[in-house]
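Here is my_file-v1.cif, consisting of mmCIF, C-alpha atoms and all ligand atoms:
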data_structure
loop_
_atom_site.label_atom_id
_atom_site.label_comp_id
_atom_site.auth_asym_id
_atom_site.auth_seq_id
_atom_site.Cartn_x
_atom_site.Cartn_y
_atom_site.Cartn_z
CA MET A 281 13.67 13.77 -10.79
CA LYS A 282 14.99 11.94 -7.77
CA ARG A 283 12.59 9.62 -5.98
CA ASN A 284 12.81 11.63 -2.78
CA ASN A 285 11.75 14.78 -4.57
CA ILE A 286 8.78 12.97 -6.04
CA ALA A 287 7.89 11.52 -2.66
CA LYS A 288 8.11 15.00 -1.15
CA LEU A 289 5.92 16.42 -3.87
CA VAL A 290 3.38 13.67 -3.41
CA ALA A 291 3.46 14.05 0.36
CA GLY A 292 2.94 17.79 -0.02
CA VAL A 293 -0.08 17.29 -2.22
CA ALA A 294 -1.54 14.78 0.20
CA ALA A 295 -1.00 17.13 3.11
CA GLY A 296 -2.84 19.83 1.20
CA VAL A 297 -5.99 17.78 1.01
CA ALA A 298 -8.58 19.30 3.34
CA LEU A 299 -8.41 17.72 6.74
CA VAL A 300 -11.45 16.02 8.09
CA ALA A 301 -12.26 16.01 11.75
CA ALA A 302 -9.32 14.53 13.60
CA LEU A 303 -9.86 10.95 14.64
CA ALA A 304 -9.89 10.38 18.34
CA GLY A 305 -6.45 9.69 19.76
CA CYS A 306 -4.78 9.24 16.41
CA GLY A 307 -1.35 10.47 17.43
CA SER A 308 1.35 8.04 16.45
CA THR A 309 4.97 7.82 17.34
CA THR A 310 7.74 6.92 14.98
CA THR A 311 10.57 4.95 16.42
CA SER A 312 13.82 3.71 15.05
CA GLY A 313 12.10 0.43 14.33
CA SER A 314 14.43 -1.51 16.58
CA SER A 315 11.46 -3.26 18.05
CA ALA A 316 11.67 -5.53 21.03
CA PRO A 317 12.44 -9.16 20.28
CA ALA A 318 9.57 -11.62 20.17
CA THR A 319 10.54 -13.01 23.55
CA THR A 320 9.41 -9.80 25.25
CA SER A 321 6.01 -9.87 23.54
CA ALA A 322 3.39 -8.62 25.92
CA SER A 323 -0.05 -10.10 26.16
CA THR A 324 -2.96 -7.71 25.97
CA GLY A 325 -6.27 -9.43 26.41
CA SER A 326 -6.27 -12.54 24.30
CA TYR A 327 -4.04 -11.29 21.54
CA LYS A 328 -0.27 -10.89 21.50
CA LEU A 329 1.52 -7.60 20.82
CA VAL A 330 5.18 -7.07 20.01
CA GLU A 331 5.16 -4.13 22.41
CA SER A 332 2.60 -3.71 25.15
CA GLY A 333 0.02 -0.97 24.58
CA LYS A 334 1.07 -0.52 20.97
CA LEU A 335 -0.07 -1.77 17.60
CA THR A 336 3.24 -2.05 15.77
CA VAL A 337 2.66 -1.51 12.04
CA MET A 338 4.98 -2.17 9.14
CA GLY A 339 4.60 -1.30 5.48
CA ASN A 340 6.19 0.04 2.33
CA TRP A 341 5.56 3.78 2.54
CA TYR A 342 5.89 4.69 -1.15
CA PHE A 343 2.34 4.08 -2.36
CA PRO A 344 0.32 7.29 -2.24
CA PRO A 345 -2.34 8.13 -1.25
CA PHE A 346 -2.35 4.96 0.87
CA GLU A 347 1.07 5.73 2.27
CA SER A 348 3.92 8.10 1.55
CA MET A 349 6.89 9.51 3.40
CA ASN A 350 6.63 13.13 4.37
CA GLU A 351 10.31 13.84 3.83
CA SER A 352 10.32 17.01 5.91
CA THR A 353 8.86 15.41 9.01
CA GLY A 354 10.21 11.91 8.33
CA VAL A 355 6.78 10.55 9.22
CA ALA A 356 4.66 8.28 7.02
CA GLU A 357 1.19 9.53 6.14
CA GLY A 358 -1.79 8.45 4.06
CA PHE A 359 -5.03 6.49 4.10
CA ASP A 360 -3.45 3.34 5.55
CA ILE A 361 -1.58 5.33 8.22
CA ASP A 362 -4.82 7.00 9.33
CA LEU A 363 -6.47 3.59 9.19
CA ALA A 364 -3.74 2.09 11.40
CA ASN A 365 -4.12 4.93 13.91
CA ALA A 366 -7.89 4.59 13.93
CA ILE A 367 -7.78 0.79 14.37
CA ALA A 368 -5.26 1.16 17.21
CA SER A 369 -7.36 3.83 18.87
CA LYS A 370 -10.51 1.66 18.69
CA MET A 371 -8.50 -1.09 20.40
CA GLY A 372 -7.27 1.27 23.10
CA LEU A 373 -3.73 1.14 21.69
CA THR A 374 -1.32 3.58 20.09
CA ALA A 375 -0.07 2.82 16.60
CA ASN A 376 3.68 2.57 16.25
CA ILE A 377 4.45 3.09 12.56
CA LEU A 378 7.81 1.51 11.74
CA PRO A 379 10.11 2.89 9.01
CA SER A 380 9.40 1.87 5.40
CA THR A 381 10.26 -1.71 4.47
CA GLN A 382 10.67 -3.40 1.09
CA PHE A 383 7.19 -4.55 -0.04
CA ASP A 384 8.16 -8.15 -0.82
CA THR A 385 9.42 -8.67 2.76
CA LEU A 386 6.16 -7.66 4.49
CA VAL A 387 4.30 -10.99 4.36
CA PRO A 388 7.38 -13.09 5.28
CA THR A 389 8.23 -10.74 8.18
CA ILE A 390 4.72 -10.86 9.66
CA LYS A 391 4.76 -14.62 9.21
CA GLN A 392 8.07 -14.86 11.05
CA GLY A 393 6.81 -12.63 13.89
CA GLY A 394 8.53 -10.45 16.47
CA LYS A 395 9.00 -7.29 14.45
CA ALA A 396 5.48 -5.96 13.88
CA ASP A 397 1.95 -6.99 14.76
CA VAL A 398 0.43 -6.13 11.41
CA SER A 399 1.21 -4.87 7.96
CA ILE A 400 -1.11 -2.28 6.45
CA SER A 401 0.14 -1.36 3.02
CA GLY A 402 -2.51 -1.61 0.31
CA ILE A 403 -1.98 -5.36 0.43
CA THR A 404 -4.29 -7.38 -1.82
CA ILE A 405 -5.95 -10.43 -0.28
CA THR A 406 -4.78 -13.41 -2.35
CA ASP A 407 -5.07 -17.17 -1.83
CA GLU A 408 -1.31 -17.55 -2.19
CA ARG A 409 -0.62 -15.04 0.62
CA LYS A 410 -3.39 -16.59 2.75
CA LYS A 411 -1.27 -19.74 2.95
CA GLU A 412 1.39 -17.72 4.82
CA ILE A 413 -0.56 -15.21 6.91
CA ASP A 414 -4.11 -14.22 7.84
CA PHE A 415 -5.94 -11.25 6.39
CA SER A 416 -8.52 -9.08 8.10
CA ASP A 417 -11.82 -8.51 6.35
CA PRO A 418 -11.35 -6.37 3.22
CA TYR A 419 -11.27 -2.59 3.77
CA LEU A 420 -11.00 -1.26 0.20
CA ASP A 421 -11.53 -2.38 -3.41
CA SER A 422 -8.84 -1.95 -6.03
CA ASN A 423 -7.88 -2.81 -9.61
CA GLN A 424 -4.78 -2.82 -11.79
CA SER A 425 -3.71 -0.32 -14.44
CA ILE A 426 -1.12 0.16 -17.14
CA VAL A 427 0.53 3.56 -17.39
CA VAL A 428 2.48 4.84 -20.40
CA LYS A 429 3.94 8.16 -21.49
CA SER A 430 1.40 10.30 -23.27
CA GLY A 431 2.08 10.15 -27.01
CA ALA A 432 4.13 6.92 -26.72
CA ALA A 433 3.85 4.48 -29.63
CA ALA A 434 2.66 1.54 -27.50
CA GLN A 435 -0.68 2.59 -25.99
CA SER A 436 -2.39 -0.77 -25.46
CA ILE A 437 -1.90 -4.09 -23.72
CA ALA A 438 -1.37 -5.77 -27.11
CA ALA A 439 1.23 -3.21 -28.20
CA LEU A 440 3.13 -3.69 -24.93
CA ASN A 441 3.08 -7.49 -25.13
CA VAL A 442 5.99 -7.45 -27.53
CA SER A 443 9.59 -8.54 -27.19
CA GLY A 444 11.80 -5.63 -26.15
CA LYS A 445 9.05 -3.68 -24.34
CA LYS A 446 9.92 -3.03 -20.69
CA VAL A 447 7.15 -3.02 -18.11
CA ALA A 448 8.12 -1.76 -14.65
CA VAL A 449 6.40 -3.18 -11.56
CA GLN A 450 6.90 -3.15 -7.80
CA SER A 451 8.60 -6.36 -6.75
CA GLY A 452 6.29 -8.92 -5.13
CA THR A 453 3.04 -7.15 -6.01
CA THR A 454 -0.10 -8.33 -7.75
CA GLY A 455 0.86 -5.88 -10.53
CA GLU A 456 4.01 -7.93 -11.07
CA SER A 457 2.00 -11.18 -11.24
CA TRP A 458 -0.53 -9.66 -13.63
CA ALA A 459 2.19 -8.34 -15.94
CA LYS A 460 4.09 -11.65 -15.97
CA GLU A 461 0.93 -13.55 -16.79
CA ASN A 462 -0.62 -11.18 -19.30
CA LEU A 463 2.43 -9.63 -20.96
CA PRO A 464 4.55 -12.77 -21.45
CA ASN A 465 6.43 -11.35 -24.43
CA ALA A 466 7.47 -8.15 -22.68
CA THR A 467 10.28 -7.86 -20.13
CA VAL A 468 8.83 -7.32 -16.67
CA VAL A 469 11.24 -5.25 -14.54
CA PRO A 470 10.77 -5.54 -10.74
CA LEU A 471 11.63 -2.34 -8.85
CA ASP A 472 11.55 -1.18 -5.21
CA ASP A 473 8.48 1.00 -5.58
CA VAL A 474 5.86 2.50 -7.86
CA ILE A 475 7.36 6.02 -7.67
CA GLN A 476 10.57 4.68 -9.20
CA ALA A 477 8.53 2.88 -11.88
CA MET A 478 6.54 6.01 -12.79
CA THR A 479 9.70 8.15 -12.93
CA GLY A 480 11.34 5.51 -15.13
CA VAL A 481 8.50 5.72 -17.65
CA GLN A 482 8.74 9.50 -17.55
CA THR A 483 12.45 9.40 -18.38
CA GLY A 484 12.04 6.71 -21.06
CA LEU A 485 13.76 3.93 -19.12
CA TYR A 486 10.59 1.76 -19.28
CA ASP A 487 7.63 1.61 -21.67
CA ALA A 488 4.96 1.10 -19.02
CA VAL A 489 4.12 0.60 -15.36
CA CYS A 490 1.68 -2.02 -14.14
CA ALA A 491 0.37 -1.14 -10.66
CA ASP A 492 -2.78 -0.55 -8.60
CA LEU A 493 -5.18 1.87 -10.28
CA PRO A 494 -5.97 4.08 -7.25
CA VAL A 495 -2.23 4.75 -6.87
CA THR A 496 -1.34 5.31 -10.53
CA SER A 497 -4.31 7.62 -11.07
CA TYR A 498 -3.43 9.59 -7.94
CA LEU A 499 0.19 9.94 -9.05
CA ILE A 500 -0.76 10.97 -12.59
CA LYS A 501 -3.16 13.58 -11.27
CA ASN A 502 -0.79 15.05 -8.70
CA SER A 503 2.76 14.59 -9.97
CA TYR A 504 3.01 12.87 -13.36
CA GLY A 505 0.91 14.93 -15.76
CA ASP A 506 2.82 13.58 -18.77
CA LEU A 507 1.80 9.97 -18.08
CA VAL A 508 -1.55 8.40 -19.01
CA ILE A 509 -3.64 5.27 -18.53
CA PRO A 510 -4.71 4.55 -22.12
CA GLU A 511 -8.15 3.29 -23.03
CA GLY A 512 -8.50 -0.41 -22.13
CA CYS A 513 -5.65 -0.18 -19.63
CA GLN A 514 -7.78 -0.06 -16.51
CA ILE A 515 -7.84 -3.72 -15.58
CA ALA A 516 -10.73 -4.98 -13.47
CA THR A 517 -8.92 -7.50 -11.29
CA GLY A 518 -11.42 -7.00 -8.45
CA GLU A 519 -8.72 -6.87 -5.77
CA GLN A 520 -9.43 -6.07 -2.14
CA TYR A 521 -7.01 -4.78 0.48
CA GLY A 522 -6.73 -6.37 3.91
CA VAL A 523 -4.62 -6.01 7.04
CA VAL A 524 -1.95 -8.73 7.32
CA VAL A 525 -1.73 -10.55 10.66
CA SER A 526 0.25 -13.61 11.75
CA LYS A 527 -1.59 -16.94 11.76
CA ASP A 528 -0.31 -17.31 15.35
CA ASN A 529 -2.42 -14.35 16.46
CA PRO A 530 -6.04 -15.07 15.44
CA ALA A 531 -7.45 -12.98 18.32
CA LEU A 532 -5.70 -9.95 16.83
CA THR A 533 -7.39 -10.53 13.47
CA THR A 534 -10.74 -10.76 15.28
CA ALA A 535 -10.09 -7.50 17.16
CA ILE A 536 -9.04 -5.73 13.93
CA ASN A 537 -12.16 -6.98 12.14
CA LYS A 538 -14.27 -5.58 14.97
CA ALA A 539 -12.48 -2.21 14.70
CA LEU A 540 -12.95 -2.19 10.90
CA SER A 541 -16.65 -2.99 11.13
CA ASP A 542 -17.12 -0.25 13.75
CA MET A 543 -15.29 2.18 11.47
CA LYS A 544 -17.56 1.24 8.57
CA SER A 545 -20.71 1.83 10.61
CA ASP A 546 -19.62 4.97 12.49
CA GLY A 547 -18.53 6.87 9.37
CA THR A 548 -14.77 6.80 10.05
CA MET A 549 -14.12 4.84 6.84
CA ASP A 550 -16.11 7.31 4.75
CA GLN A 551 -14.20 10.19 6.37
CA LEU A 552 -10.88 8.60 5.50
CA GLU A 553 -11.91 7.94 1.89
CA THR A 554 -13.08 11.53 1.52
CA LYS A 555 -9.86 12.84 3.06
CA TRP A 556 -7.53 10.89 0.76
CA PHE A 557 -9.61 10.35 -2.39
CA GLY A 558 -11.89 13.39 -2.31
CA LYS A 559 -14.95 11.14 -2.25
CA VAL A 560 -16.44 8.02 -0.71
CA LEU A 561 -15.27 5.15 -2.91
N1 LIG A 601 -2.00 -4.27 -3.94
C1 LIG A 601 -0.75 -4.71 -4.46
C2 LIG A 601 -0.33 -5.99 -3.80
O1 LIG A 601 -0.81 -6.33 -2.77
C3 LIG A 601 0.34 -3.66 -4.32
C4 LIG A 601 0.59 -3.18 -2.93
C5 LIG A 601 1.79 -2.28 -2.82
N2 LIG A 601 1.79 -1.59 -1.57
C6 LIG A 601 2.73 -0.72 -1.16
N3 LIG A 601 2.58 -0.12 -0.04
N4 LIG A 601 3.79 -0.54 -1.88
O2 LIG A 601 0.49 -6.71 -4.29
#

structure tokens encoding of this file:
Amino acid sequence: MKRNNIAKLVAGVAAGVALVAALAGCGSTTTSGSSAPATTSASTGSYKLVESGKLTVMGNWYFPPFESMNESTGVAEGFDIDLANAIASKMGLTANILPSTQFDTLVPTIKQGGKADVSISGITITDERKKEIDFSDPYLDSNQSIVVKSGAAAQSIAALNVSGKKVAVQSGTTGESWAKENLPNATVVPLDDVIQAMTGVQTGLYDAVCADLPVTSYLIKNSYGDLVIPEGCQIATGEQYGVVVSKDNPALTTAINKALSDMKSDGTMDQLETKWFGKVL
């Protein structure tokens, strides 16, 4: 199946999830992404914004249920998109969700500045990334997983850590780092996104996928019934997702942390988890 078809399928499933009460002022606009150059950055309060009145958000929108492209509307949707809209609304801003970007360019682009204010994209807080950019407080816990085709010969980490086995990952992710470190004998294949990796295992191109557990389990449940996470292949890495902000904009990180803590105490976070995961995580 083509990636777009999968994305559409996934988006459809996500859209079918019962809607919770609409968050105040969560309308977002999608633009061409040709954002204003850094020199026109407007100041709002003590933090800087690429475009005045807007929280400009970039991400890789192929990571359901955190983010996926609704191919019929051309608009990104998911937990992180709702989160971005809710954060913006708490700050009295409108979220401007830019078109999908390659995952491994997100941190460097925020670091460079001028294109987006933040990246919200299921991004794990790591010490290495913290050298380049700032993270907000964590908003969700995550772990890794290994996915194989049901009935495949290699159904364990040990069986995959063998010369000739191909393990697909999304380029630049913590899944890629985990696979490189823990499956040194296998060939780790970096791809553009997890959908492509899952489809590749389905068609026999790769032996396994290593990616975030909430995403692989969602995809298996909704679109990839012939793939499984074998016993022992849920890997407790204890990752946490945070919003990525430039080190040049500490007041923005502070404002986002305030919005996140308000959302935790006023029930917004629980609502979003229930909407996208069917339960409070
Ligand atoms: N949590 C992992 C990481 O930070 C994977 C994130 C992938 N996100 C995405 N939207 N594709 O490396």

### Task
Please give me, as a PyMOL selection string, the residues lying within 8 Å of ligand LIG 601 (chain A) when counting all atoms listed in the file.
chain A and resi 339-343+346-347+383+400-405+422+450+452-456+473-474+491-492+519-521

### Top pick for closest residue to A:Ala366, considering A:Asp384, A:Leu335, A:Ala466, A:Thr406 and counting only C-alpha atoms
A:Leu335

### Query
From the list A:Lys395, A:Arg409, A:Lys527, A:Lys429, which residue is nearest A:Val337 when using all atoms listed in the file?
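Checking each of A:Lys395, A:Arg409, A:Lys527, A:Lys429 against A:Val337, counting all atoms listed in the file, the winner is A:Lys395.
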
### Task
Give me, please, the distance in Å between atom CA of A:Cys513 and atom CA of A:Ser425, quoted to one decimal.
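Calculated distance between atom CA of A:Cys513 and atom CA of A:Ser425 is 5.5 Å.
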
### Pairwise distance for atom CA of A:Val481 and atom CA of A:Thr353, rounded to one decimal in Å
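Computing the Euclidean distance for atom CA of A:Val481 and atom CA of A:Thr353 yields 28.4 Å.
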
### Query
A:Ser430: which residues within 6 Å, counting only C-alpha atoms, same-chain residues fewer than 4 positions away excluded, as an MDAnalysis selection string?
chainID A and resid 506:508

As lines of an AutoDock Vina configuration file, what would the box around stretch 348-367 of chain A look like: edges along x, y and z, 6 Å added on every side, centre and edge lengths in Å to one decimal?
center_x = 1.2
center_y = 8.9
center_z = 8.0
size_x = 30.2
size_y = 28.2
size_z = 24.8

### Task
State, in Å with one decimal place, the distance from atom CA of A:Ile515 to atom CA of A:Ile437.
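These atoms are spaced 10.1 Å apart.
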
### Message
For a quick check of understanding, using only C-alpha atoms, which of A:Val398, A:Ile367, A:Ile377, A:Ala539 has the smallest distance to A:Ser526?
### Response
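For A:Ser526, the nearest of the candidates is A:Val398.
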
Atoms are missing here; could stretch 330-349 of chain A be completed with N, CA and C atoms and written as an mmCIF file, keeping the file's coordinate frame?
data_model
loop_
_atom_site.group_PDB
_atom_site.id
_atom_site.type_symbol
_atom_site.label_atom_id
_atom_site.label_comp_id
_atom_site.auth_asym_id
_atom_site.auth_seq_id
_atom_site.Cartn_x
_atom_site.Cartn_y
_atom_site.Cartn_z
ATOM 1 N N VAL A 330 3.719 -7.143 19.961
ATOM 2 C CA VAL A 330 5.180 -7.070 20.010
ATOM 3 C C VAL A 330 5.604 -6.168 21.167
ATOM 4 N N GLU A 331 4.868 -5.054 21.331
ATOM 5 C CA GLU A 331 5.160 -4.130 22.410
ATOM 6 C C GLU A 331 3.843 -3.783 23.093
ATOM 7 N N SER A 332 3.823 -3.919 24.387
ATOM 8 C CA SER A 332 2.600 -3.710 25.150
ATOM 9 C C SER A 332 2.013 -2.315 24.917
ATOM 10 N N GLY A 333 0.698 -2.257 24.741
ATOM 11 C CA GLY A 333 0.020 -0.970 24.580
ATOM 12 C C GLY A 333 0.117 -0.386 23.185
ATOM 13 N N LYS A 334 0.858 -1.070 22.310
ATOM 14 C CA LYS A 334 1.070 -0.520 20.970
ATOM 15 C C LYS A 334 0.684 -1.510 19.880
ATOM 16 N N LEU A 335 0.124 -0.978 18.799
ATOM 17 C CA LEU A 335 -0.070 -1.770 17.600
ATOM 18 C C LEU A 335 1.102 -1.405 16.694
ATOM 19 N N THR A 336 2.027 -2.326 16.558
ATOM 20 C CA THR A 336 3.240 -2.050 15.770
ATOM 21 C C THR A 336 2.941 -2.410 14.301
ATOM 22 N N VAL A 337 3.117 -1.400 13.429
ATOM 23 C CA VAL A 337 2.660 -1.510 12.040
ATOM 24 C C VAL A 337 3.836 -1.359 11.079
ATOM 25 N N MET A 338 3.951 -2.324 10.164
ATOM 26 C CA MET A 338 4.980 -2.170 9.140
ATOM 27 C C MET A 338 4.351 -2.062 7.762
ATOM 28 N N GLY A 339 5.113 -1.457 6.834
ATOM 29 C CA GLY A 339 4.600 -1.300 5.480
ATOM 30 C C GLY A 339 5.666 -0.732 4.564
ATOM 31 N N ASN A 340 5.323 -0.633 3.301
ATOM 32 C CA ASN A 340 6.190 0.040 2.330
ATOM 33 C C ASN A 340 5.551 1.402 2.065
ATOM 34 N N TRP A 341 6.219 2.461 2.510
ATOM 35 C CA TRP A 341 5.560 3.780 2.540
ATOM 36 C C TRP A 341 5.790 4.599 1.273
ATOM 37 N N TYR A 342 5.749 3.951 0.116
ATOM 38 C CA TYR A 342 5.890 4.690 -1.150
ATOM 39 C C TYR A 342 4.743 4.294 -2.081
ATOM 40 N N PHE A 343 3.518 4.559 -1.659
ATOM 41 C CA PHE A 343 2.340 4.080 -2.360
ATOM 42 C C PHE A 343 1.177 5.053 -2.121
ATOM 43 N N PRO A 344 1.351 6.298 -2.546
ATOM 44 C CA PRO A 344 0.320 7.290 -2.240
ATOM 45 C C PRO A 344 -0.969 7.061 -3.037
ATOM 46 N N PRO A 345 -2.145 7.422 -2.516
ATOM 47 C CA PRO A 345 -2.340 8.130 -1.250
ATOM 48 C C PRO A 345 -2.530 7.179 -0.069
ATOM 49 N N PHE A 346 -2.221 5.894 -0.260
ATOM 50 C CA PHE A 346 -2.350 4.960 0.870
ATOM 51 C C PHE A 346 -1.243 5.188 1.887
ATOM 52 N N GLU A 347 -0.047 5.456 1.374
ATOM 53 C CA GLU A 347 1.070 5.730 2.270
ATOM 54 C C GLU A 347 2.145 6.444 1.496
ATOM 55 N N SER A 348 2.738 7.470 2.138
ATOM 56 C CA SER A 348 3.920 8.100 1.550
ATOM 57 C C SER A 348 4.724 8.715 2.673
ATOM 58 N N MET A 349 6.004 8.932 2.397
ATOM 59 C CA MET A 349 6.890 9.510 3.400
ATOM 60 C C MET A 349 6.831 11.014 3.276
#
